[in-house]
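Data block for upload_34.pdb (PDB, C-alpha atoms):
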MODEL        1
ATOM      1  CA  MET A   1      -2.649 -13.578 -10.412
ATOM      2  CA  ARG A   2      -0.521 -13.494  -7.277
ATOM      3  CA  GLU A   3      -3.207 -14.500  -4.821
ATOM      4  CA  SER A   4      -3.640 -17.065  -2.078
ATOM      5  CA  ARG A   5      -6.181 -18.349   0.388
ATOM      6  CA  VAL A   6      -4.947 -20.157   3.487
ATOM      7  CA  GLU A   7      -6.890 -21.693   6.349
ATOM      8  CA  ARG A   8      -5.720 -23.125   9.650
ATOM      9  CA  LYS A   9      -7.956 -24.994  12.065
ATOM     10  CA  THR A  10      -6.778 -26.039  15.511
ATOM     11  CA  LEU A  11      -8.451 -26.759  18.821
ATOM     12  CA  GLU A  12      -7.698 -23.118  19.707
ATOM     13  CA  THR A  13      -8.597 -21.137  16.581
ATOM     14  CA  GLU A  14      -9.952 -21.243  13.045
ATOM     15  CA  VAL A  15      -8.189 -18.707  10.834
ATOM     16  CA  SER A  16      -8.808 -17.816   7.194
ATOM     17  CA  VAL A  17      -6.713 -15.363   5.158
ATOM     18  CA  CYS A  18      -7.285 -14.215   1.564
ATOM     19  CA  LEU A  19      -4.436 -12.203   0.043
ATOM     20  CA  ASN A  20      -3.901 -10.444  -3.276
ATOM     21  CA  LEU A  21      -0.375  -9.067  -3.623
ATOM     22  CA  ASP A  22      -1.389  -6.870  -6.561
ATOM     23  CA  GLY A  23      -4.374  -5.276  -4.879
ATOM     24  CA  ALA A  24      -5.374  -1.755  -3.931
ATOM     25  CA  GLY A  25      -5.355  -1.959  -0.142
ATOM     26  CA  LYS A  26      -8.885  -3.309   0.257
ATOM     27  CA  LYS A  27      -9.376  -4.878   3.645
ATOM     28  CA  LYS A  28     -11.883  -6.908   5.611
ATOM     29  CA  ILE A  29     -10.388  -7.818   8.961
ATOM     30  CA  ASN A  30     -12.001  -9.223  12.090
ATOM     31  CA  THR A  31      -9.730 -10.844  14.663
ATOM     32  CA  GLY A  32     -11.676 -10.013  17.807
ATOM     33  CA  ILE A  33      -8.777  -7.794  18.944
ATOM     34  CA  LYS A  34      -9.561  -4.247  17.783
ATOM     35  CA  PHE A  35      -6.040  -2.839  18.050
ATOM     36  CA  PHE A  36      -4.641  -5.828  16.164
ATOM     37  CA  ASP A  37      -7.305  -5.302  13.467
ATOM     38  CA  HIS A  38      -5.993  -1.739  13.183
ATOM     39  CA  MET A  39      -2.413  -3.025  12.758
ATOM     40  CA  LEU A  40      -3.374  -5.570  10.087
ATOM     41  CA  GLU A  41      -5.202  -2.760   8.286
ATOM     42  CA  GLN A  42      -1.834  -0.969   8.118
ATOM     43  CA  ILE A  43      -0.368  -3.936   6.240
ATOM     44  CA  ALA A  44      -3.177  -3.835   3.679
ATOM     45  CA  ALA A  45      -3.290  -0.049   3.306
ATOM     46  CA  HIS A  46       0.442   0.702   3.168
ATOM     47  CA  GLY A  47       1.408  -2.427   1.264
ATOM     48  CA  TYR A  48      -1.480  -2.038  -1.205
ATOM     49  CA  PHE A  49      -2.443  -5.646  -0.563
ATOM     50  CA  ASP A  50      -6.067  -6.772  -0.658
ATOM     51  CA  LEU A  51      -6.431  -8.625   2.613
ATOM     52  CA  GLU A  52      -9.236 -10.515   4.310
ATOM     53  CA  VAL A  53      -8.705 -12.016   7.754
ATOM     54  CA  GLU A  54     -11.343 -13.954   9.657
ATOM     55  CA  VAL A  55     -10.796 -15.735  12.939
ATOM     56  CA  LYS A  56     -12.927 -17.799  15.246
ATOM     57  CA  SER A  57     -11.353 -18.286  18.662
ATOM     58  CA  HIS A  58     -12.266 -21.347  20.718
ATOM     59  CA  ASP A  59     -10.449 -20.232  23.875
ATOM     60  CA  SER A  60     -10.457 -16.388  23.639
ATOM     61  CA  ASP A  61      -6.675 -16.403  24.108
ATOM     62  CA  SER A  62      -5.086 -13.451  22.316
ATOM     63  CA  HIS A  63      -1.722 -15.251  22.177
ATOM     64  CA  HIS A  64      -3.240 -18.078  20.132
ATOM     65  CA  ILE A  65      -5.161 -15.636  17.923
ATOM     66  CA  LEU A  66      -2.089 -13.528  17.096
ATOM     67  CA  GLU A  67       0.199 -16.498  16.578
ATOM     68  CA  ASP A  68      -2.180 -18.379  14.292
ATOM     69  CA  ILE A  69      -2.961 -15.289  12.213
ATOM     70  CA  ALA A  70       0.761 -14.581  11.811
ATOM     71  CA  LEU A  71       1.385 -18.184  10.740
ATOM     72  CA  VAL A  72      -1.460 -18.125   8.218
ATOM     73  CA  LEU A  73      -0.508 -14.675   6.908
ATOM     74  CA  GLY A  74       3.127 -15.720   6.456
ATOM     75  CA  GLU A  75       2.030 -18.828   4.581
ATOM     76  CA  ALA A  76      -0.333 -16.737   2.443
ATOM     77  CA  PHE A  77       2.542 -14.473   1.355
ATOM     78  CA  ARG A  78       4.774 -17.479   0.658
ATOM     79  CA  LYS A  79       2.110 -19.150  -1.487
ATOM     80  CA  ALA A  80       1.138 -15.964  -3.345
ATOM     81  CA  LEU A  81       4.801 -15.363  -4.255
ATOM     82  CA  GLY A  82       5.028 -18.791  -5.907
ATOM     83  CA  ASP A  83       8.559 -19.514  -7.128
ATOM     84  CA  LYS A  84       9.393 -15.796  -6.608
ATOM     85  CA  THR A  85      10.304 -15.167 -10.236
ATOM     86  CA  GLY A  86      10.809 -11.461 -10.838
ATOM     87  CA  ILE A  87      10.306 -10.211  -7.275
ATOM     88  CA  ASN A  88      12.661  -7.719  -5.661
ATOM     89  CA  ARG A  89      13.020 -10.235  -2.802
ATOM     90  CA  TYR A  90      14.417  -7.631  -0.392
ATOM     91  CA  GLY A  91      12.452  -4.778   1.127
ATOM     92  CA  TRP A  92      13.189  -2.121   3.702
ATOM     93  CA  ALA A  93      11.616   0.996   5.145
ATOM     94  CA  ILE A  94      12.143   3.485   7.940
ATOM     95  CA  VAL A  95       8.761   4.868   8.943
ATOM     96  CA  PRO A  96       7.866   7.615  11.421
ATOM     97  CA  MET A  97       4.653   7.801  13.396
ATOM     98  CA  ASP A  98       4.907  11.144  15.155
ATOM     99  CA  GLU A  99       7.764  10.689  17.686
ATOM    100  CA  ALA A 100       8.167   6.960  16.928
ATOM    101  CA  LEU A 101      10.564   5.745  14.249
ATOM    102  CA  THR A 102      11.000   2.114  13.163
ATOM    103  CA  LEU A 103      13.266   0.361  10.696
ATOM    104  CA  CYS A 104      12.058  -2.838   9.057
ATOM    105  CA  SER A 105      14.089  -4.878   6.601
ATOM    106  CA  LEU A 106      13.117  -8.254   5.168
ATOM    107  CA  ASP A 107      14.174 -10.903   2.726
ATOM    108  CA  PHE A 108      11.971 -13.615   1.202
ATOM    109  CA  SER A 109      15.019 -15.863   1.344
ATOM    110  CA  GLY A 110      13.367 -19.170   2.132
ATOM    111  CA  ARG A 111      15.152 -19.042   5.490
ATOM    112  CA  PRO A 112      13.087 -18.051   8.525
ATOM    113  CA  TYR A 113      14.787 -15.729  10.988
ATOM    114  CA  CYS A 114      13.525 -12.811  13.040
ATOM    115  CA  VAL A 115      15.449 -10.089  14.824
ATOM    116  CA  TYR A 116      13.264  -7.813  16.941
ATOM    117  CA  LYS A 117      14.887  -4.954  18.822
ATOM    118  CA  ALA A 118      12.382  -2.906  20.774
ATOM    119  CA  GLU A 119      11.640  -2.286  24.403
ATOM    120  CA  ILE A 120       8.047  -1.354  25.095
ATOM    121  CA  ALA A 121       7.401  -0.245  28.669
ATOM    122  CA  ASP A 122       3.618  -0.595  28.607
ATOM    123  CA  GLU A 123       2.286  -4.137  28.865
ATOM    124  CA  GLN A 124      -0.966  -3.266  27.102
ATOM    125  CA  VAL A 125      -2.193  -0.933  24.369
ATOM    126  CA  ARG A 126      -5.973  -0.872  24.170
ATOM    127  CA  ASP A 127      -6.944  -4.576  23.939
ATOM    128  CA  LEU A 128      -3.526  -5.925  22.835
ATOM    129  CA  GLU A 129      -0.701  -7.302  24.998
ATOM    130  CA  THR A 130       2.426  -5.587  23.702
ATOM    131  CA  ALA A 131       4.605  -8.685  24.263
ATOM    132  CA  LEU A 132       2.679 -10.358  21.440
ATOM    133  CA  VAL A 133       4.033  -7.937  18.822
ATOM    134  CA  LYS A 134       7.426  -9.681  18.754
ATOM    135  CA  HIS A 135       5.656 -13.023  18.584
ATOM    136  CA  PHE A 136       3.689 -11.840  15.521
ATOM    137  CA  PHE A 137       6.820 -10.958  13.547
ATOM    138  CA  THR A 138       8.609 -14.151  14.611
ATOM    139  CA  SER A 139       5.678 -16.375  13.623
ATOM    140  CA  PHE A 140       5.284 -14.559  10.293
ATOM    141  CA  SER A 141       8.962 -15.111   9.477
ATOM    142  CA  VAL A 142       8.672 -18.841  10.203
ATOM    143  CA  ALA A 143       5.595 -19.477   8.057
ATOM    144  CA  GLY A 144       6.661 -16.977   5.399
ATOM    145  CA  ALA A 145      10.138 -18.524   5.145
ATOM    146  CA  SER A 146      11.506 -15.010   5.405
ATOM    147  CA  THR A 147      14.099 -13.057   7.325
ATOM    148  CA  VAL A 148      12.501 -10.159   9.218
ATOM    149  CA  HIS A 149      14.335  -7.429  11.112
ATOM    150  CA  VAL A 150      12.339  -4.892  13.133
ATOM    151  CA  LYS A 151      14.229  -2.224  15.068
ATOM    152  CA  LEU A 152      12.703   0.627  17.038
ATOM    153  CA  LEU A 153      14.926   3.686  16.546
ATOM    154  CA  HIS A 154      12.912   6.024  18.770
ATOM    155  CA  GLY A 155       9.552   6.112  20.457
ATOM    156  CA  GLU A 156       7.614   7.144  23.541
ATOM    157  CA  ASP A 157       3.923   6.501  22.871
ATOM    158  CA  THR A 158       3.140   2.764  22.761
ATOM    159  CA  HIS A 159       0.405   3.145  20.148
ATOM    160  CA  HIS A 160       2.753   5.110  17.875
ATOM    161  CA  ILE A 161       5.616   2.657  18.388
ATOM    162  CA  ILE A 162       3.617  -0.397  17.372
ATOM    163  CA  GLU A 163       1.892   1.392  14.500
ATOM    164  CA  SER A 164       5.247   2.549  13.102
ATOM    165  CA  MET A 165       6.399  -1.086  13.259
ATOM    166  CA  PHE A 166       3.456  -2.345  11.245
ATOM    167  CA  LYS A 167       3.657   0.526   8.741
ATOM    168  CA  SER A 168       7.373  -0.062   8.136
ATOM    169  CA  PHE A 169       6.672  -3.798   7.828
ATOM    170  CA  ALA A 170       3.954  -3.061   5.247
ATOM    171  CA  LYS A 171       6.222  -0.819   3.174
ATOM    172  CA  ALA A 172       9.068  -3.359   3.298
ATOM    173  CA  LEU A 173       6.672  -6.134   2.255
ATOM    174  CA  ARG A 174       5.471  -4.027  -0.664
ATOM    175  CA  ILE A 175       8.981  -3.461  -1.956
ATOM    176  CA  ALA A 176      10.055  -7.095  -1.510
ATOM    177  CA  CYS A 177       6.921  -8.491  -3.208
ATOM    178  CA  SER A 178       6.973  -6.038  -6.119
ATOM    179  CA  ILE A 179       8.115  -7.214  -9.531
ATOM    180  CA  ASP A 180      11.461  -5.875 -10.730
ATOM    181  CA  LYS A 181      10.414  -4.680 -14.195
ATOM    182  CA  ASP A 182      13.953  -4.943 -15.571
ATOM    183  CA  HIS A 183      14.319  -8.558 -14.395
ATOM    184  CA  SER A 184      10.772  -9.891 -14.350
ATOM    185  CA  GLN A 185      11.772 -13.379 -15.563
ATOM    186  CA  THR A 186      14.647 -13.855 -13.141
ATOM    187  CA  ILE A 187      14.634 -15.618  -9.787
ATOM    188  CA  PRO A 188      16.652 -13.253  -7.555
ATOM    189  CA  SER A 189      19.188 -15.782  -6.261
ATOM    190  CA  THR A 190      22.582 -17.085  -7.323
ATOM    191  CA  LYS A 191      21.210 -20.557  -6.501
ATOM    192  CA  GLY A 192      18.451 -20.199  -9.124
ATOM    193  CA  VAL A 193      15.813 -21.012  -6.483
ATOM    194  CA  ILE A 194      14.593 -19.352  -3.308
TER     195      ILE A 194
ENDMDL
END

Conversion result in C-alpha coordinates:
Amino acid sequence: MRESRVERKTLETEVSVCLNLDGAGKKKINTGIKFFDHMLEQIAAHGYFDLEVEVKSHDSDSHHILEDIALVLGEAFRKALGDKTGINRYGWAIVPMDEALTLCSLDFSGRPYCVYKAEIADEQVRDLETALVKHFFTSFSVAGASTVHVKLLHGEDTHHIIESMFKSFAKALRIACSIDKDHSQTIPSTKGVI
(Lines of atoms letter the chains of each structure in order from A and count residues from 1; the text may use other names and numbers.)
(Lines give C-alpha, C1' and ligand atoms only; values in the text may rest on other atoms or scores of the structure.)
Protein backbone atom coordinates (compact mmCIF):
# COMPACT_ATOMS: atom_id res chain seq x y z
CA MET A 1 0.00 0.00 0.00
CA ARG A 2 1.32 3.43 -0.95
CA GLU A 3 0.30 5.24 2.20
CA SER A 4 1.94 7.50 4.75
CA ARG A 5 1.22 9.31 7.98
CA VAL A 6 3.38 12.30 8.89
CA GLU A 7 3.25 14.56 11.92
CA ARG A 8 5.08 17.78 12.69
CA LYS A 9 5.01 19.52 16.05
CA THR A 10 6.55 22.93 16.60
CA LEU A 11 5.98 25.79 19.00
CA GLU A 12 3.72 27.28 16.30
CA THR A 13 1.66 24.35 15.02
CA GLU A 14 0.87 20.65 15.33
CA VAL A 15 0.12 19.13 11.93
CA SER A 16 -0.94 15.60 11.03
CA VAL A 17 -1.40 14.29 7.48
CA CYS A 18 -2.63 10.84 6.39
CA LEU A 19 -2.27 10.10 2.68
CA ASN A 20 -3.23 7.19 0.44
CA LEU A 21 -1.95 7.62 -3.11
CA ASP A 22 -4.26 4.89 -4.41
CA GLY A 23 -7.43 6.25 -2.87
CA ALA A 24 -10.75 7.49 -4.19
CA GLY A 25 -10.60 11.17 -3.26
CA LYS A 26 -11.90 10.79 0.29
CA LYS A 27 -11.06 13.81 2.39
CA LYS A 28 -11.18 15.03 5.96
CA ILE A 29 -9.53 18.43 6.16
CA ASN A 30 -9.54 21.03 8.92
CA THR A 31 -6.85 23.69 8.84
CA GLY A 32 -8.77 26.56 10.41
CA ILE A 33 -8.55 28.45 7.10
CA LYS A 34 -11.73 27.67 5.15
CA PHE A 35 -10.48 28.71 1.71
CA PHE A 36 -7.30 26.69 2.19
CA ASP A 37 -9.43 23.68 3.24
CA HIS A 38 -11.26 24.11 -0.07
CA MET A 39 -7.94 24.11 -1.98
CA LEU A 40 -6.63 21.00 -0.21
CA GLU A 41 -9.94 19.32 -1.05
CA GLN A 42 -9.08 19.96 -4.72
CA ILE A 43 -5.87 17.96 -4.30
CA ALA A 44 -7.78 15.01 -2.84
CA ALA A 45 -10.71 15.14 -5.27
CA HIS A 46 -8.82 15.73 -8.53
CA GLY A 47 -5.82 13.60 -7.64
CA TYR A 48 -7.99 10.76 -6.29
CA PHE A 49 -5.91 10.74 -3.13
CA ASP A 50 -7.43 9.89 0.24
CA LEU A 51 -6.29 12.77 2.40
CA GLU A 52 -6.71 13.71 6.04
CA VAL A 53 -5.25 16.95 7.35
CA GLU A 54 -5.53 18.11 10.95
CA VAL A 55 -3.84 21.17 12.39
CA LYS A 56 -3.70 22.78 15.78
CA SER A 57 -2.32 26.31 15.67
CA HIS A 58 -0.62 27.75 18.74
CA ASP A 59 -0.28 31.29 17.37
CA SER A 60 -3.19 31.58 14.86
CA ASP A 61 -0.70 32.66 12.18
CA SER A 62 -1.87 31.58 8.73
CA HIS A 63 1.69 31.75 7.38
CA HIS A 64 2.84 29.12 9.87
CA ILE A 65 -0.25 26.98 9.25
CA LEU A 66 0.18 26.97 5.46
CA GLU A 67 3.93 26.43 5.56
CA ASP A 68 3.80 23.55 8.03
CA ILE A 69 0.96 21.81 6.18
CA ALA A 70 2.87 22.13 2.90
CA LEU A 71 6.01 20.70 4.52
CA VAL A 72 4.11 17.77 6.04
CA LEU A 73 2.14 17.12 2.84
CA GLY A 74 5.31 17.14 0.74
CA GLU A 75 6.95 14.70 3.14
CA ALA A 76 3.83 12.51 3.08
CA PHE A 77 4.02 12.23 -0.72
CA ARG A 78 7.75 11.51 -0.59
CA LYS A 79 7.28 8.74 1.98
CA ALA A 80 4.25 7.20 0.26
CA LEU A 81 6.20 7.00 -3.02
CA GLY A 82 8.95 4.96 -1.34
CA ASP A 83 11.81 4.25 -3.74
CA LYS A 84 9.55 5.40 -6.63
CA THR A 85 9.70 2.10 -8.48
CA GLY A 86 7.23 2.10 -11.36
CA ILE A 87 5.94 5.67 -11.03
CA ASN A 88 5.60 7.97 -14.02
CA ARG A 89 7.72 10.48 -12.05
CA TYR A 90 6.65 13.42 -14.23
CA GLY A 91 3.20 14.97 -14.29
CA TRP A 92 1.67 17.97 -15.99
CA ALA A 93 -1.73 19.55 -16.52
CA ILE A 94 -3.27 22.70 -17.91
CA VAL A 95 -6.54 23.31 -16.09
CA PRO A 96 -9.22 25.96 -16.66
CA MET A 97 -11.47 27.38 -13.99
CA ASP A 98 -13.84 29.60 -15.94
CA GLU A 99 -11.64 32.48 -17.21
CA ALA A 100 -8.55 31.30 -15.28
CA LEU A 101 -6.05 28.91 -16.84
CA THR A 102 -3.02 27.43 -15.06
CA LEU A 103 -0.19 25.15 -16.14
CA CYS A 104 1.44 22.92 -13.55
CA SER A 105 4.32 20.57 -14.26
CA LEU A 106 6.24 18.55 -11.68
CA ASP A 107 8.95 15.98 -11.29
CA PHE A 108 9.56 13.76 -8.25
CA SER A 109 13.25 14.09 -9.02
CA GLY A 110 14.66 14.14 -5.52
CA ARG A 111 15.72 17.73 -6.19
CA PRO A 112 13.60 20.49 -4.66
CA TYR A 113 12.95 23.49 -6.87
CA CYS A 114 9.90 25.68 -7.37
CA VAL A 115 9.10 28.12 -10.15
CA TYR A 116 5.94 30.13 -9.55
CA LYS A 117 4.84 32.63 -12.18
CA ALA A 118 1.64 34.40 -11.23
CA GLU A 119 0.66 37.91 -10.30
CA ILE A 120 -2.40 38.12 -8.11
CA ALA A 121 -3.68 41.66 -7.57
CA ASP A 122 -5.90 40.92 -4.58
CA GLU A 123 -4.10 40.47 -1.27
CA GLN A 124 -6.88 38.33 0.19
CA VAL A 125 -9.43 35.77 -0.99
CA ARG A 126 -11.96 34.96 1.71
CA ASP A 127 -9.80 34.07 4.75
CA LEU A 128 -6.53 33.37 2.87
CA GLU A 129 -3.65 35.77 2.13
CA THR A 130 -2.89 35.25 -1.55
CA ALA A 131 0.88 35.74 -1.04
CA LEU A 132 0.89 32.43 0.84
CA VAL A 133 -0.03 30.43 -2.27
CA LYS A 134 3.51 30.68 -3.66
CA HIS A 135 4.87 29.77 -0.25
CA PHE A 136 2.70 26.61 -0.22
CA PHE A 137 4.10 25.32 -3.52
CA THR A 138 7.68 26.22 -2.56
CA SER A 139 7.44 24.47 0.82
CA PHE A 140 5.83 21.40 -0.77
CA SER A 141 8.67 21.14 -3.30
CA VAL A 142 11.29 21.29 -0.54
CA ALA A 143 9.76 18.60 1.67
CA GLY A 144 8.59 16.52 -1.28
CA ALA A 145 12.04 16.63 -2.91
CA SER A 146 10.28 17.59 -6.11
CA THR A 147 10.50 20.16 -8.86
CA VAL A 148 7.25 22.15 -9.14
CA HIS A 149 6.38 24.67 -11.84
CA VAL A 150 3.15 26.66 -11.56
CA LYS A 151 2.36 29.23 -14.25
CA LEU A 152 -0.80 31.29 -14.53
CA LEU A 153 -1.65 31.60 -18.24
CA HIS A 154 -4.74 33.75 -17.78
CA GLY A 155 -7.02 34.86 -15.00
CA GLU A 156 -9.09 37.69 -13.57
CA ASP A 157 -11.02 36.34 -10.59
CA THR A 158 -8.72 35.59 -7.63
CA HIS A 159 -10.78 32.64 -6.42
CA HIS A 160 -10.71 31.08 -9.90
CA ILE A 161 -6.99 31.72 -10.33
CA ILE A 162 -5.99 29.97 -7.11
CA GLU A 163 -8.46 27.13 -7.61
CA SER A 164 -7.12 26.48 -11.12
CA MET A 165 -3.62 26.32 -9.60
CA PHE A 166 -4.59 23.70 -7.06
CA LYS A 167 -6.61 21.68 -9.59
CA SER A 168 -3.73 21.62 -12.07
CA PHE A 169 -1.37 20.69 -9.23
CA ALA A 170 -3.69 17.82 -8.25
CA LYS A 171 -3.88 16.48 -11.81
CA ALA A 172 -0.10 16.73 -12.25
CA LEU A 173 0.43 14.93 -8.92
CA ARG A 174 -1.93 12.17 -10.02
CA ILE A 175 -0.05 11.56 -13.24
CA ALA A 176 3.39 11.68 -11.61
CA CYS A 177 2.40 9.31 -8.77
CA SER A 178 0.60 6.81 -11.00
CA ILE A 179 2.25 3.51 -11.82
CA ASP A 180 3.44 3.08 -15.40
CA LYS A 181 1.88 -0.32 -16.14
CA ASP A 182 4.40 -1.11 -18.87
CA HIS A 183 7.36 -0.40 -16.57
CA SER A 184 6.04 -1.12 -13.09
CA GLN A 185 9.34 -2.62 -11.85
CA THR A 186 11.57 0.16 -13.14
CA ILE A 187 12.87 3.19 -11.28
CA PRO A 188 12.40 6.03 -13.81
CA SER A 189 15.97 7.36 -13.78
CA THR A 190 19.18 6.71 -15.67
CA LYS A 191 20.90 6.81 -12.25
CA GLY A 192 18.83 3.84 -11.01
CA VAL A 193 17.70 5.87 -7.98
CA ILE A 194 15.63 9.00 -7.47

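The list of residues with at least one atom within 10 Å of Leu132 of chain A, based on all atoms listed in the file and without residues fewer than 2 positions apart in the same chain, reads Ser62, His63, His64, Leu66, Glu67, Glu123, Gln124, Leu128, Glu129, Thr130, Lys134, His135, Phe136, Phe137 and Thr138 of chain A.
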
Applied to the shown file, which residues does the PyMOL selection byres ((chain A and resi 112) around 9) return, written as a JSON list (two decimals) with C-alpha atoms, in the frame of the given file?
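The new file out.json reads:
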[["chain", "number", "residue", "atom", "x", "y", "z"],
["A", 108, "PHE", "CA", 11.97, -13.62, 1.20],
["A", 109, "SER", "CA", 15.02, -15.86, 1.34],
["A", 110, "GLY", "CA", 13.37, -19.17, 2.13],
["A", 111, "ARG", "CA", 15.15, -19.04, 5.49],
["A", 113, "TYR", "CA", 14.79, -15.73, 10.99],
["A", 114, "CYS", "CA", 13.52, -12.81, 13.04],
["A", 138, "THR", "CA", 8.61, -14.15, 14.61],
["A", 140, "PHE", "CA", 5.28, -14.56, 10.29],
["A", 141, "SER", "CA", 8.96, -15.11, 9.48],
["A", 142, "VAL", "CA", 8.67, -18.84, 10.20],
["A", 143, "ALA", "CA", 5.60, -19.48, 8.06],
["A", 144, "GLY", "CA", 6.66, -16.98, 5.40],
["A", 145, "ALA", "CA", 10.14, -18.52, 5.14],
["A", 146, "SER", "CA", 11.51, -15.01, 5.40],
["A", 147, "THR", "CA", 14.10, -13.06, 7.32],
["A", 148, "VAL", "CA", 12.50, -10.16, 9.22]]

Between atom CA of Ser178 of chain A and atom CA of His159 of chain A lies a distance of 28.6 Å

At a cut-off of 7 Å, using all atoms listed in the file, what residues contact segment 43-58 of chain A? Leave out same-chain residues fewer than 3 positions from it and give the result as a ChimeraX atom specification. /A:11-31,39-40,65,166-167,170-171,173-174

Target residues per the PyMOL selection byres ((chain A and resi 99-103) around 12), formatted as an MDAnalysis selection string: chainID A and resid 91:98 104:106 115:118 120 148:172

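Of note, atom CA of Leu71 of chain A and atom CA of Arg89 of chain A are spaced 19.5 Å apart.
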
With 3 Å on each side, where is the centre of the axis-aligned box around all listed atoms of segment 109-112 of chain A, and how long are its edges in Å to one decimal, as JSON?
{"center_x": 14.1, "center_y": -17.5, "center_z": 4.9, "size_x": 8.1, "size_y": 9.3, "size_z": 13.2}

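Picture a line from atom CA of Leu73 of chain A to atom CA of Asp61 of chain A; it runs 18.4 Å.
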
Which one of A:Asp37, A:Asp127, A:Asp59, A:Asp107 sits closest to Ile175 of chain A if you count only C-alpha atoms?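 Residue with the minimum atom-to-atom distance to Ile175 of chain A: A:Asp107.
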
Using the chain letters and numbers from the file, give me the residues hit by the PyMOL selection byres ((chain A and resi 2) around 6), as a ChimeraX atom specification. /A:1,3,21,80

If you keep C-alpha atoms, can you produce a file of those selected residues as an mmCIF file, in the coordinates of the input?
data_model
loop_
_atom_site.group_PDB
_atom_site.id
_atom_site.type_symbol
_atom_site.label_atom_id
_atom_site.label_comp_id
_atom_site.auth_asym_id
_atom_site.auth_seq_id
_atom_site.Cartn_x
_atom_site.Cartn_y
_atom_site.Cartn_z
ATOM 1 C CA MET A 1 -2.649 -13.578 -10.412
ATOM 2 C CA GLU A 3 -3.207 -14.500 -4.821
ATOM 3 C CA LEU A 21 -0.375 -9.067 -3.623
ATOM 4 C CA ALA A 80 1.138 -15.964 -3.345
#

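Nearest residue to Phe77 of chain A, choosing from A:Ala131, A:Arg5, A:Asp122, A:Ser139 and counting only C-alpha atoms: A:Arg5.
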
Kindly extract all protein, DNA and RNA residues lying within 12 Å of the coordinates (11.0, -10.5, -13.7) given in the file, considering all atoms listed in the file, and supply them as a ChimeraX atom specification. /A:83-89,177-188
